[in-house]
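Trainee: Sharing final.cif (mmCIF, N, CA and C atoms) below.
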data_start
loop_
_atom_site.label_atom_id
_atom_site.label_comp_id
_atom_site.auth_asym_id
_atom_site.auth_seq_id
_atom_site.Cartn_x
_atom_site.Cartn_y
_atom_site.Cartn_z
N MET A 1 0.84 -1.19 0.00
CA MET A 1 0.00 0.00 0.00
C MET A 1 0.88 1.25 0.00
N LEU A 2 0.49 2.21 -0.78
CA LEU A 2 1.27 3.43 -0.87
C LEU A 2 0.87 4.39 0.23
N ASP A 3 1.87 5.07 0.80
CA ASP A 3 1.54 6.08 1.78
C ASP A 3 1.12 7.36 1.06
N GLN A 4 0.60 8.33 1.81
CA GLN A 4 0.06 9.54 1.21
C GLN A 4 1.12 10.33 0.43
N GLN A 5 2.35 10.35 0.93
CA GLN A 5 3.40 11.08 0.24
C GLN A 5 3.65 10.50 -1.16
N GLN A 6 3.60 9.17 -1.29
CA GLN A 6 3.82 8.55 -2.58
C GLN A 6 2.66 8.82 -3.53
N LYS A 7 1.43 8.94 -3.03
CA LYS A 7 0.30 9.25 -3.88
C LYS A 7 0.37 10.69 -4.38
N ASN A 8 1.05 11.56 -3.63
CA ASN A 8 1.14 12.96 -3.99
C ASN A 8 2.20 13.25 -5.04
N ARG A 9 2.95 12.23 -5.45
CA ARG A 9 4.00 12.50 -6.43
C ARG A 9 3.90 11.51 -7.58
N ALA A 10 4.37 11.96 -8.70
CA ALA A 10 4.46 11.12 -9.89
C ALA A 10 5.92 10.69 -10.01
N MET A 11 6.14 9.41 -10.17
CA MET A 11 7.50 8.88 -10.20
C MET A 11 8.24 9.25 -11.49
N PHE A 12 7.51 9.48 -12.58
CA PHE A 12 8.15 9.69 -13.87
C PHE A 12 7.80 11.04 -14.49
N GLU A 13 7.75 12.06 -13.66
CA GLU A 13 7.42 13.41 -14.14
C GLU A 13 8.41 13.85 -15.22
N GLY A 14 7.86 14.32 -16.33
CA GLY A 14 8.70 14.79 -17.43
C GLY A 14 9.11 13.69 -18.40
N LEU A 15 8.70 12.46 -18.13
CA LEU A 15 9.07 11.33 -18.99
C LEU A 15 7.86 10.69 -19.67
N VAL A 16 6.66 11.18 -19.36
CA VAL A 16 5.43 10.61 -19.91
C VAL A 16 4.95 11.48 -21.07
N TYR A 17 4.64 10.81 -22.20
CA TYR A 17 4.20 11.49 -23.41
C TYR A 17 2.99 10.78 -23.98
N ASN A 18 2.17 11.53 -24.71
CA ASN A 18 1.06 10.88 -25.41
C ASN A 18 1.58 10.27 -26.71
N GLU A 19 0.71 9.61 -27.44
CA GLU A 19 1.12 8.92 -28.67
C GLU A 19 1.56 9.88 -29.77
N ALA A 20 1.19 11.17 -29.64
CA ALA A 20 1.60 12.17 -30.62
C ALA A 20 2.93 12.82 -30.24
N GLY A 21 3.51 12.40 -29.11
CA GLY A 21 4.79 12.95 -28.67
C GLY A 21 4.70 14.18 -27.80
N GLU A 22 3.49 14.53 -27.36
CA GLU A 22 3.31 15.69 -26.49
C GLU A 22 3.50 15.28 -25.04
N PRO A 23 4.23 16.10 -24.26
CA PRO A 23 4.48 15.72 -22.86
C PRO A 23 3.22 15.85 -22.00
N ALA A 24 3.10 14.94 -21.05
CA ALA A 24 2.02 15.00 -20.07
C ALA A 24 2.55 15.75 -18.85
N ARG A 25 1.79 16.71 -18.39
CA ARG A 25 2.16 17.45 -17.18
C ARG A 25 1.67 16.69 -15.96
N VAL A 26 2.24 17.00 -14.82
CA VAL A 26 1.77 16.43 -13.57
C VAL A 26 0.96 17.49 -12.85
N VAL A 27 -0.24 17.10 -12.42
CA VAL A 27 -1.10 17.99 -11.65
C VAL A 27 -1.58 17.23 -10.41
N ILE A 28 -1.90 17.97 -9.38
CA ILE A 28 -2.44 17.37 -8.16
C ILE A 28 -3.93 17.64 -8.15
N ILE A 29 -4.72 16.57 -8.05
CA ILE A 29 -6.18 16.69 -7.95
C ILE A 29 -6.55 16.06 -6.62
N GLY A 30 -7.18 16.86 -5.78
CA GLY A 30 -7.41 16.39 -4.41
C GLY A 30 -6.05 16.32 -3.75
N GLU A 31 -5.65 15.14 -3.38
CA GLU A 31 -4.32 14.96 -2.81
C GLU A 31 -3.49 13.98 -3.63
N GLU A 32 -3.95 13.64 -4.84
CA GLU A 32 -3.25 12.65 -5.64
C GLU A 32 -2.67 13.26 -6.91
N ALA A 33 -1.47 12.79 -7.25
CA ALA A 33 -0.82 13.22 -8.49
C ALA A 33 -1.49 12.54 -9.68
N HIS A 34 -1.66 13.31 -10.74
CA HIS A 34 -2.22 12.81 -11.99
C HIS A 34 -1.32 13.28 -13.14
N TYR A 35 -1.26 12.47 -14.18
CA TYR A 35 -0.65 12.93 -15.43
C TYR A 35 -1.78 13.53 -16.26
N ALA A 36 -1.58 14.76 -16.74
CA ALA A 36 -2.54 15.43 -17.61
C ALA A 36 -2.08 15.17 -19.04
N ILE A 37 -2.75 14.24 -19.70
CA ILE A 37 -2.34 13.77 -21.02
C ILE A 37 -3.06 14.57 -22.09
N PRO A 38 -2.30 15.26 -22.95
CA PRO A 38 -2.94 16.03 -24.03
C PRO A 38 -3.71 15.12 -24.98
N ASP A 39 -4.92 15.56 -25.33
CA ASP A 39 -5.78 14.80 -26.24
C ASP A 39 -6.54 15.76 -27.13
N ASP A 40 -5.94 16.11 -28.25
CA ASP A 40 -6.60 16.96 -29.24
C ASP A 40 -7.17 18.24 -28.64
N GLY A 41 -6.34 18.96 -27.90
CA GLY A 41 -6.75 20.22 -27.30
C GLY A 41 -7.31 20.11 -25.89
N PHE A 42 -7.56 18.92 -25.44
CA PHE A 42 -8.06 18.69 -24.08
C PHE A 42 -6.97 18.01 -23.26
N LEU A 43 -7.18 17.95 -21.96
CA LEU A 43 -6.27 17.22 -21.09
C LEU A 43 -7.05 16.11 -20.40
N ARG A 44 -6.56 14.89 -20.54
CA ARG A 44 -7.16 13.74 -19.86
C ARG A 44 -6.33 13.48 -18.61
N HIS A 45 -6.96 13.46 -17.47
CA HIS A 45 -6.25 13.28 -16.20
C HIS A 45 -6.33 11.82 -15.77
N VAL A 46 -5.15 11.23 -15.58
CA VAL A 46 -5.04 9.83 -15.18
C VAL A 46 -4.18 9.78 -13.92
N GLN A 47 -4.61 8.99 -12.95
CA GLN A 47 -3.82 8.87 -11.72
C GLN A 47 -2.40 8.45 -12.06
N ALA A 48 -1.44 9.19 -11.54
CA ALA A 48 -0.04 8.89 -11.80
C ALA A 48 0.32 7.49 -11.32
N GLN A 49 -0.27 7.08 -10.22
CA GLN A 49 0.02 5.76 -9.67
C GLN A 49 -0.27 4.66 -10.68
N GLN A 50 -1.33 4.80 -11.48
CA GLN A 50 -1.69 3.80 -12.48
C GLN A 50 -0.57 3.65 -13.52
N VAL A 51 -0.08 4.76 -14.01
CA VAL A 51 0.99 4.73 -15.01
C VAL A 51 2.29 4.27 -14.37
N ASP A 52 2.62 4.82 -13.21
CA ASP A 52 3.86 4.47 -12.52
C ASP A 52 3.92 2.97 -12.20
N ASP A 53 2.80 2.40 -11.72
CA ASP A 53 2.77 0.98 -11.40
C ASP A 53 3.07 0.13 -12.63
N ALA A 54 2.49 0.50 -13.77
CA ALA A 54 2.71 -0.25 -15.01
C ALA A 54 4.17 -0.17 -15.46
N VAL A 55 4.76 1.00 -15.35
CA VAL A 55 6.15 1.18 -15.77
C VAL A 55 7.10 0.42 -14.85
N ILE A 56 6.88 0.54 -13.55
CA ILE A 56 7.75 -0.14 -12.59
C ILE A 56 7.63 -1.66 -12.75
N ALA A 57 6.41 -2.16 -12.95
CA ALA A 57 6.23 -3.60 -13.16
C ALA A 57 6.97 -4.07 -14.41
N HIS A 58 6.92 -3.26 -15.46
CA HIS A 58 7.63 -3.62 -16.70
C HIS A 58 9.14 -3.62 -16.50
N MET A 59 9.64 -2.62 -15.78
CA MET A 59 11.08 -2.56 -15.51
C MET A 59 11.52 -3.79 -14.70
N LYS A 60 10.72 -4.13 -13.69
CA LYS A 60 11.05 -5.29 -12.85
C LYS A 60 11.05 -6.56 -13.69
N GLU A 61 10.08 -6.68 -14.56
CA GLU A 61 9.98 -7.85 -15.45
C GLU A 61 11.22 -7.96 -16.34
N ARG A 62 11.76 -6.83 -16.75
CA ARG A 62 12.96 -6.82 -17.62
C ARG A 62 14.23 -7.11 -16.82
N ILE A 63 14.27 -6.68 -15.57
CA ILE A 63 15.48 -6.80 -14.76
C ILE A 63 15.64 -8.18 -14.12
N LEU A 64 14.55 -8.77 -13.63
CA LEU A 64 14.64 -10.03 -12.89
C LEU A 64 15.35 -11.16 -13.65
N PRO A 65 15.13 -11.33 -14.95
CA PRO A 65 15.85 -12.40 -15.64
C PRO A 65 17.37 -12.21 -15.64
N MET A 66 17.82 -11.00 -15.40
CA MET A 66 19.26 -10.70 -15.38
C MET A 66 19.80 -10.58 -13.96
N GLN A 67 19.03 -11.04 -12.97
CA GLN A 67 19.38 -10.85 -11.57
C GLN A 67 20.77 -11.41 -11.24
N ASP A 68 21.07 -12.63 -11.65
CA ASP A 68 22.36 -13.23 -11.32
C ASP A 68 23.52 -12.40 -11.87
N GLU A 69 23.40 -11.96 -13.12
CA GLU A 69 24.46 -11.16 -13.73
C GLU A 69 24.62 -9.82 -13.03
N LEU A 70 23.48 -9.19 -12.70
CA LEU A 70 23.53 -7.90 -12.01
C LEU A 70 24.19 -8.02 -10.64
N VAL A 71 23.82 -9.04 -9.90
CA VAL A 71 24.39 -9.23 -8.56
C VAL A 71 25.89 -9.49 -8.66
N GLN A 72 26.30 -10.32 -9.60
CA GLN A 72 27.74 -10.59 -9.77
C GLN A 72 28.50 -9.32 -10.14
N ALA A 73 27.92 -8.51 -11.02
CA ALA A 73 28.58 -7.25 -11.40
C ALA A 73 28.68 -6.30 -10.21
N MET A 74 27.63 -6.24 -9.39
CA MET A 74 27.66 -5.36 -8.22
C MET A 74 28.68 -5.85 -7.20
N LEU A 75 28.76 -7.16 -7.02
CA LEU A 75 29.76 -7.72 -6.10
C LEU A 75 31.18 -7.36 -6.57
N GLN A 76 31.41 -7.43 -7.88
CA GLN A 76 32.72 -7.06 -8.42
C GLN A 76 33.00 -5.58 -8.19
N MET A 77 31.99 -4.74 -8.45
CA MET A 77 32.16 -3.30 -8.25
C MET A 77 32.49 -2.98 -6.80
N LEU A 78 31.84 -3.69 -5.89
CA LEU A 78 32.07 -3.46 -4.46
C LEU A 78 33.34 -4.11 -3.95
N GLY A 79 33.88 -5.03 -4.75
CA GLY A 79 35.08 -5.75 -4.32
C GLY A 79 34.80 -6.71 -3.18
N LYS A 80 33.57 -7.23 -3.14
CA LYS A 80 33.18 -8.16 -2.09
C LYS A 80 32.65 -9.44 -2.72
N ASP A 81 32.76 -10.51 -1.98
CA ASP A 81 32.25 -11.78 -2.48
C ASP A 81 31.78 -12.65 -1.32
N ASP A 82 31.16 -12.02 -0.33
CA ASP A 82 30.68 -12.80 0.81
C ASP A 82 29.18 -13.06 0.68
N ILE A 83 28.71 -14.06 1.38
CA ILE A 83 27.33 -14.51 1.27
C ILE A 83 26.33 -13.46 1.76
N PHE A 84 26.70 -12.65 2.75
CA PHE A 84 25.79 -11.66 3.30
C PHE A 84 25.56 -10.51 2.31
N THR A 85 26.63 -10.06 1.68
CA THR A 85 26.51 -9.00 0.68
C THR A 85 25.70 -9.51 -0.50
N LYS A 86 25.97 -10.73 -0.93
CA LYS A 86 25.23 -11.33 -2.05
C LYS A 86 23.74 -11.43 -1.71
N ALA A 87 23.42 -11.88 -0.51
CA ALA A 87 22.02 -12.00 -0.10
C ALA A 87 21.32 -10.63 -0.09
N ALA A 88 22.03 -9.62 0.40
CA ALA A 88 21.46 -8.27 0.42
C ALA A 88 21.21 -7.74 -0.99
N LEU A 89 22.17 -7.98 -1.88
CA LEU A 89 22.01 -7.52 -3.27
C LEU A 89 20.89 -8.29 -3.97
N ASP A 90 20.81 -9.60 -3.73
CA ASP A 90 19.73 -10.40 -4.30
C ASP A 90 18.37 -9.85 -3.86
N ALA A 91 18.24 -9.55 -2.59
CA ALA A 91 16.98 -9.01 -2.06
C ALA A 91 16.67 -7.65 -2.68
N SER A 92 17.69 -6.83 -2.86
CA SER A 92 17.48 -5.51 -3.47
C SER A 92 16.97 -5.62 -4.90
N VAL A 93 17.54 -6.54 -5.65
CA VAL A 93 17.10 -6.71 -7.04
C VAL A 93 15.69 -7.28 -7.07
N ARG A 94 15.41 -8.27 -6.24
CA ARG A 94 14.07 -8.88 -6.19
C ARG A 94 13.00 -7.85 -5.82
N ASN A 95 13.37 -6.89 -4.99
CA ASN A 95 12.43 -5.88 -4.51
C ASN A 95 12.67 -4.53 -5.18
N ILE A 96 13.11 -4.56 -6.42
CA ILE A 96 13.47 -3.33 -7.14
C ILE A 96 12.28 -2.36 -7.20
N ASP A 97 11.06 -2.89 -7.29
CA ASP A 97 9.90 -2.00 -7.34
C ASP A 97 9.78 -1.18 -6.06
N GLN A 98 9.99 -1.79 -4.92
CA GLN A 98 9.95 -1.06 -3.65
C GLN A 98 11.12 -0.09 -3.55
N GLN A 99 12.28 -0.52 -4.04
CA GLN A 99 13.47 0.34 -4.01
C GLN A 99 13.23 1.62 -4.82
N ILE A 100 12.63 1.47 -5.98
CA ILE A 100 12.36 2.63 -6.85
C ILE A 100 11.40 3.58 -6.15
N ARG A 101 10.34 3.04 -5.56
CA ARG A 101 9.34 3.88 -4.91
C ARG A 101 9.89 4.63 -3.70
N GLN A 102 10.91 4.08 -3.05
CA GLN A 102 11.46 4.71 -1.85
C GLN A 102 12.54 5.74 -2.15
N THR A 103 12.88 5.89 -3.42
CA THR A 103 13.89 6.89 -3.76
C THR A 103 13.22 8.20 -4.14
N ASN A 104 14.02 9.23 -4.21
CA ASN A 104 13.54 10.53 -4.66
C ASN A 104 13.75 10.60 -6.17
N PRO A 105 12.66 10.67 -6.96
CA PRO A 105 12.80 10.70 -8.42
C PRO A 105 13.66 11.85 -8.92
N ASP A 106 13.77 12.93 -8.15
CA ASP A 106 14.60 14.06 -8.57
C ASP A 106 16.06 13.64 -8.75
N GLN A 107 16.45 12.54 -8.12
CA GLN A 107 17.83 12.07 -8.23
C GLN A 107 18.10 11.36 -9.54
N TRP A 108 17.11 10.70 -10.13
CA TRP A 108 17.36 9.91 -11.33
C TRP A 108 16.57 10.33 -12.56
N ILE A 109 15.51 11.11 -12.40
CA ILE A 109 14.72 11.56 -13.56
C ILE A 109 15.58 12.35 -14.56
N PRO A 110 16.43 13.29 -14.11
CA PRO A 110 17.23 14.03 -15.09
C PRO A 110 18.13 13.11 -15.93
N TRP A 111 18.66 12.06 -15.32
CA TRP A 111 19.52 11.13 -16.07
C TRP A 111 18.70 10.34 -17.09
N LEU A 112 17.54 9.88 -16.69
CA LEU A 112 16.69 9.15 -17.63
C LEU A 112 16.29 10.05 -18.80
N ARG A 113 15.93 11.29 -18.49
CA ARG A 113 15.55 12.25 -19.53
C ARG A 113 16.72 12.52 -20.47
N LEU A 114 17.91 12.71 -19.88
CA LEU A 114 19.11 12.98 -20.67
C LEU A 114 19.40 11.86 -21.67
N TYR A 115 19.17 10.62 -21.25
CA TYR A 115 19.49 9.49 -22.11
C TYR A 115 18.33 9.05 -22.99
N GLY A 116 17.22 9.79 -22.98
CA GLY A 116 16.13 9.52 -23.92
C GLY A 116 15.07 8.55 -23.45
N PHE A 117 15.02 8.23 -22.16
CA PHE A 117 13.98 7.34 -21.65
C PHE A 117 12.64 8.05 -21.77
N ARG A 118 11.64 7.36 -22.34
CA ARG A 118 10.30 7.94 -22.48
C ARG A 118 9.24 6.88 -22.26
N ILE A 119 8.14 7.33 -21.72
CA ILE A 119 6.98 6.47 -21.52
C ILE A 119 5.87 7.02 -22.40
N ILE A 120 5.35 6.19 -23.29
CA ILE A 120 4.29 6.61 -24.19
C ILE A 120 2.99 5.99 -23.69
N VAL A 121 1.98 6.85 -23.48
CA VAL A 121 0.68 6.39 -23.00
C VAL A 121 -0.42 6.80 -23.96
N ASP A 122 -1.53 6.06 -23.94
CA ASP A 122 -2.69 6.50 -24.71
C ASP A 122 -3.47 7.50 -23.84
N VAL A 123 -4.59 7.99 -24.37
CA VAL A 123 -5.32 9.04 -23.65
C VAL A 123 -5.99 8.53 -22.38
N HIS A 124 -6.02 7.22 -22.20
CA HIS A 124 -6.59 6.63 -20.99
C HIS A 124 -5.52 6.28 -19.96
N GLY A 125 -4.26 6.57 -20.29
CA GLY A 125 -3.16 6.32 -19.37
C GLY A 125 -2.57 4.92 -19.47
N GLN A 126 -3.00 4.14 -20.45
CA GLN A 126 -2.43 2.81 -20.65
C GLN A 126 -1.06 2.96 -21.30
N VAL A 127 -0.06 2.28 -20.75
CA VAL A 127 1.28 2.36 -21.30
C VAL A 127 1.31 1.63 -22.64
N VAL A 128 1.66 2.36 -23.68
CA VAL A 128 1.71 1.82 -25.04
C VAL A 128 3.12 1.36 -25.38
N ASP A 129 4.11 2.13 -24.91
CA ASP A 129 5.50 1.82 -25.22
C ASP A 129 6.40 2.47 -24.18
N ILE A 130 7.55 1.87 -23.98
CA ILE A 130 8.58 2.45 -23.14
C ILE A 130 9.84 2.49 -23.98
N LEU A 131 10.38 3.68 -24.16
CA LEU A 131 11.59 3.84 -24.96
C LEU A 131 12.78 3.91 -24.01
N TYR A 132 13.59 2.88 -24.06
CA TYR A 132 14.80 2.82 -23.23
C TYR A 132 15.96 3.41 -23.99
N PRO A 133 16.94 3.96 -23.27
CA PRO A 133 18.17 4.39 -23.94
C PRO A 133 18.81 3.19 -24.62
N SER A 134 19.47 3.42 -25.71
CA SER A 134 20.13 2.34 -26.44
C SER A 134 21.06 1.55 -25.53
N GLY A 135 20.87 0.24 -25.51
CA GLY A 135 21.73 -0.64 -24.72
C GLY A 135 21.33 -0.77 -23.27
N ALA A 136 20.23 -0.15 -22.85
CA ALA A 136 19.82 -0.21 -21.44
C ALA A 136 18.90 -1.38 -21.18
N ILE A 137 19.02 -1.97 -20.03
CA ILE A 137 18.17 -3.05 -19.54
C ILE A 137 17.93 -4.11 -20.61
N GLY A 138 19.01 -4.54 -21.25
CA GLY A 138 18.91 -5.62 -22.21
C GLY A 138 18.33 -5.20 -23.55
N GLU A 139 18.16 -3.91 -23.78
CA GLU A 139 17.59 -3.42 -25.02
C GLU A 139 18.66 -3.26 -26.09
N GLU A 140 18.24 -3.47 -27.33
CA GLU A 140 19.13 -3.22 -28.45
C GLU A 140 18.87 -1.85 -29.06
N GLY A 141 17.77 -1.26 -28.72
CA GLY A 141 17.44 0.05 -29.29
C GLY A 141 16.22 0.60 -28.61
N GLU A 142 15.39 1.30 -29.38
CA GLU A 142 14.25 1.97 -28.79
C GLU A 142 13.03 1.05 -28.75
N GLY A 143 12.15 1.37 -27.83
CA GLY A 143 10.85 0.74 -27.80
C GLY A 143 10.84 -0.67 -27.29
N ASP A 144 9.65 -1.10 -26.98
CA ASP A 144 9.44 -2.48 -26.55
C ASP A 144 8.10 -2.92 -27.10
N ASP A 145 8.16 -3.82 -28.03
CA ASP A 145 6.94 -4.27 -28.70
C ASP A 145 6.13 -5.24 -27.89
N ASP A 146 6.59 -5.64 -26.72
CA ASP A 146 5.91 -6.65 -25.92
C ASP A 146 4.93 -6.08 -24.92
N LEU A 147 4.63 -4.78 -24.95
CA LEU A 147 3.71 -4.20 -23.97
C LEU A 147 2.29 -4.58 -24.26
#
I need this file expressed as structure tokens, please.
Mentor:
Amino acid sequence: MLDQQQKNRAMFEGLVYNEAGEPARVVIIGEEAHYAIPDDGFLRHVQAQQVDDAVIAHMKERILPMQDELVQAMLQMLGKDDIFTKAALDASVRNIDQQIRQTNPDQWIPWLRLYGFRIIVDVHGQVVDILYPSGAIGEEGEGDDDL
């Protein structure tokens, strides 16, 4: 369950676009963040949590098959190879969705934007495509046709 602070923010502000390439703004309605998706001169408001959940689930789905490789690479970077560090890293990767939600998006949104990460949604807020930077998360290029 999300706490109130998480409902008040959009995890991917500035990275959500409609199918025509127009950016969706973030607005607060009541106490919840919404993406205002441009639709032929109108704005369709969709709860940010709906879009964010779909994107985070997709990212987790892409990362989990590479868990062993990621953990080994992190162990090498840290210069450690003990069972406790490995267990902690395994748990972090398995719970990547919770890890993402507990971070401040202001720390990583600029980097994602810089490298061309984009989330394409339809006017109802359904994720149509996620454009990853070239070579990121097992990608060979842009887009993901499996959404």
Trainee: Write out as an MDAnalysis selection string which residues come within 7 Å of Glu32 (chain A) when counting only N, CA and C atoms, dropping same-chain ones fewer than 3 positions away.
Mentor: chainID A and resid 7:9 27:29 47:48
Trainee: Counting all atoms listed in the file, which residue out of A:His58, A:Arg25, A:Asp90, A:Pro133 sits closest to Leu114 (chain A)?
Mentor: A:Pro133
Trainee: To one decimal place, how far is atom C of Glu61 (chain A) from atom C of Glu22 (chain A) in Å?
Mentor: 26.0 Å
Trainee: Expressed in Å to a single decimal, how great is the separation between atom C of Asp97 (chain A) and atom C of Asp52 (chain A)?
Mentor: 9.4 Å
Trainee: Got a sec to resolve the PyMOL selection byres ((chain A and resi 14) around 6.5) on this structure and send the residues as a PyMOL selection string?
Mentor: chain A and resi 12-13+15-16+24+26
Trainee: Go ahead and write the selection's residues with N, CA and C atoms as a short mmCIF file (atom, residue, chain, number, x, y, z; two decimals), keeping the file's coordinate frame.
Mentor:
data_model
loop_
_atom_site.label_atom_id
_atom_site.label_comp_id
_atom_site.auth_asym_id
_atom_site.auth_seq_id
_atom_site.Cartn_x
_atom_site.Cartn_y
_atom_site.Cartn_z
N PHE A 12 7.51 9.48 -12.58
CA PHE A 12 8.15 9.69 -13.87
C PHE A 12 7.80 11.04 -14.49
N GLU A 13 7.75 12.06 -13.66
CA GLU A 13 7.42 13.41 -14.14
C GLU A 13 8.41 13.85 -15.22
N LEU A 15 8.70 12.46 -18.13
CA LEU A 15 9.07 11.33 -18.99
C LEU A 15 7.86 10.69 -19.67
N VAL A 16 6.66 11.18 -19.36
CA VAL A 16 5.43 10.61 -19.91
C VAL A 16 4.95 11.48 -21.07
N ALA A 24 3.10 14.94 -21.05
CA ALA A 24 2.02 15.00 -20.07
C ALA A 24 2.55 15.75 -18.85
N VAL A 26 2.24 17.00 -14.82
CA VAL A 26 1.77 16.43 -13.57
C VAL A 26 0.96 17.49 -12.85
#
Trainee: Just how far from atom N of Gln49 (chain A) is CA of Ala33 (chain A), in Å to one decimal?
Mentor: 6.4 Å
Trainee: Considering only helix (DSSP H, G or I) as DSSP defines it on the backbone, what residues of region 20-127 of chain A qualify? List them as a ChimeraX atom specification.
Mentor: /A:48-78,83-94,96-101,105-107,109-114
Trainee: At a cut-off of 8 Å from (-8.1, 14.2, -19.6) in the coordinates of the file, what residues are picked up using all atoms listed in the file, written as a VMD selection string?
Mentor: chain A and resid 35 to 39 42 to 46 123 to 124
Trainee: Kindly resolve the PyMOL selection byres (((chain A and resi 68-79 and name CA) around 10) and name CA) on the present coordinates and return the residues as a PyMOL selection string.
Mentor: chain A and resi 63-67+80-82+85-93
Trainee: Smallest atom-to-atom distance to Leu131 (chain A): which of A:Met11, A:Ile119, A:Ala54, A:Met59, using only N, CA and C atoms?
Mentor: A:Ile119
Trainee: From the DSSP assignment of the backbone, select every residue of chain A that is strand (DSSP E or B), and format the answer as number ranges by chain.
Mentor: A: 16-18, 23, 25-29, 32-39, 42-47, 118-121, 127-131
Trainee: Point out the residue among A:Asp40, A:Ala20, A:Ile130, A:Gln50 with the least atom-to-atom distance to Phe117 (chain A), counting only N, CA and C atoms.
Mentor: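 That would be A:Ile130, the residue with the smallest distance to Phe117 (chain A).
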Trainee: Calculated over only N, CA and C atoms, which of the candidates A:Asn104, A:Val121, A:Ser134, A:Arg94 has the smallest distance to Asn18 (chain A)?
Mentor: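 Comparing A:Asn104, A:Val121, A:Ser134, A:Arg94 against Asn18 (chain A), the winner is A:Val121.
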Trainee: Copy region 76-109 of chain A out of the block into a file, keeping C-alpha atoms, as a PDB file, in the first residue's frame.
Mentor:
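To be explicit, this is the file written out as result.pdb:
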ATOM      1  CA  GLN A  76      32.722  -7.061  -8.417  1.00  0.00           C
ATOM      2  CA  MET A  77      32.162  -3.301  -8.248  1.00  0.00           C
ATOM      3  CA  LEU A  78      32.068  -3.456  -4.461  1.00  0.00           C
ATOM      4  CA  GLY A  79      35.078  -5.748  -4.320  1.00  0.00           C
ATOM      5  CA  LYS A  80      33.181  -8.161  -2.086  1.00  0.00           C
ATOM      6  CA  ASP A  81      32.249 -11.776  -2.481  1.00  0.00           C
ATOM      7  CA  ASP A  82      30.675 -12.802   0.814  1.00  0.00           C
ATOM      8  CA  ILE A  83      27.329 -14.506   1.273  1.00  0.00           C
ATOM      9  CA  PHE A  84      25.786 -11.660   3.300  1.00  0.00           C
ATOM     10  CA  THR A  85      26.505  -9.002   0.682  1.00  0.00           C
ATOM     11  CA  LYS A  86      25.225 -11.328  -2.049  1.00  0.00           C
ATOM     12  CA  ALA A  87      22.016 -11.997  -0.096  1.00  0.00           C
ATOM     13  CA  ALA A  88      21.458  -8.267   0.423  1.00  0.00           C
ATOM     14  CA  LEU A  89      22.009  -7.520  -3.269  1.00  0.00           C
ATOM     15  CA  ASP A  90      19.726 -10.399  -4.302  1.00  0.00           C
ATOM     16  CA  ALA A  91      16.984  -9.011  -2.063  1.00  0.00           C
ATOM     17  CA  SER A  92      17.485  -5.508  -3.469  1.00  0.00           C
ATOM     18  CA  VAL A  93      17.104  -6.710  -7.043  1.00  0.00           C
ATOM     19  CA  ARG A  94      14.072  -8.876  -6.193  1.00  0.00           C
ATOM     20  CA  ASN A  95      12.430  -5.879  -4.510  1.00  0.00           C
ATOM     21  CA  ILE A  96      13.469  -3.326  -7.139  1.00  0.00           C
ATOM     22  CA  ASP A  97       9.900  -2.005  -7.343  1.00  0.00           C
ATOM     23  CA  GLN A  98       9.946  -1.060  -3.653  1.00  0.00           C
ATOM     24  CA  GLN A  99      13.470   0.344  -4.007  1.00  0.00           C
ATOM     25  CA  ILE A 100      12.355   2.626  -6.849  1.00  0.00           C
ATOM     26  CA  ARG A 101       9.337   3.876  -4.906  1.00  0.00           C
ATOM     27  CA  GLN A 102      11.456   4.711  -1.852  1.00  0.00           C
ATOM     28  CA  THR A 103      13.887   6.889  -3.765  1.00  0.00           C
ATOM     29  CA  ASN A 104      13.542  10.531  -4.658  1.00  0.00           C
ATOM     30  CA  PRO A 105      12.800  10.698  -8.415  1.00  0.00           C
ATOM     31  CA  ASP A 106      14.596  14.057  -8.574  1.00  0.00           C
ATOM     32  CA  GLN A 107      17.834  12.072  -8.230  1.00  0.00           C
ATOM     33  CA  TRP A 108      17.365   9.912 -11.330  1.00  0.00           C
ATOM     34  CA  ILE A 109      14.723  11.565 -13.558  1.00  0.00           C
TER      35      ILE A 109
END
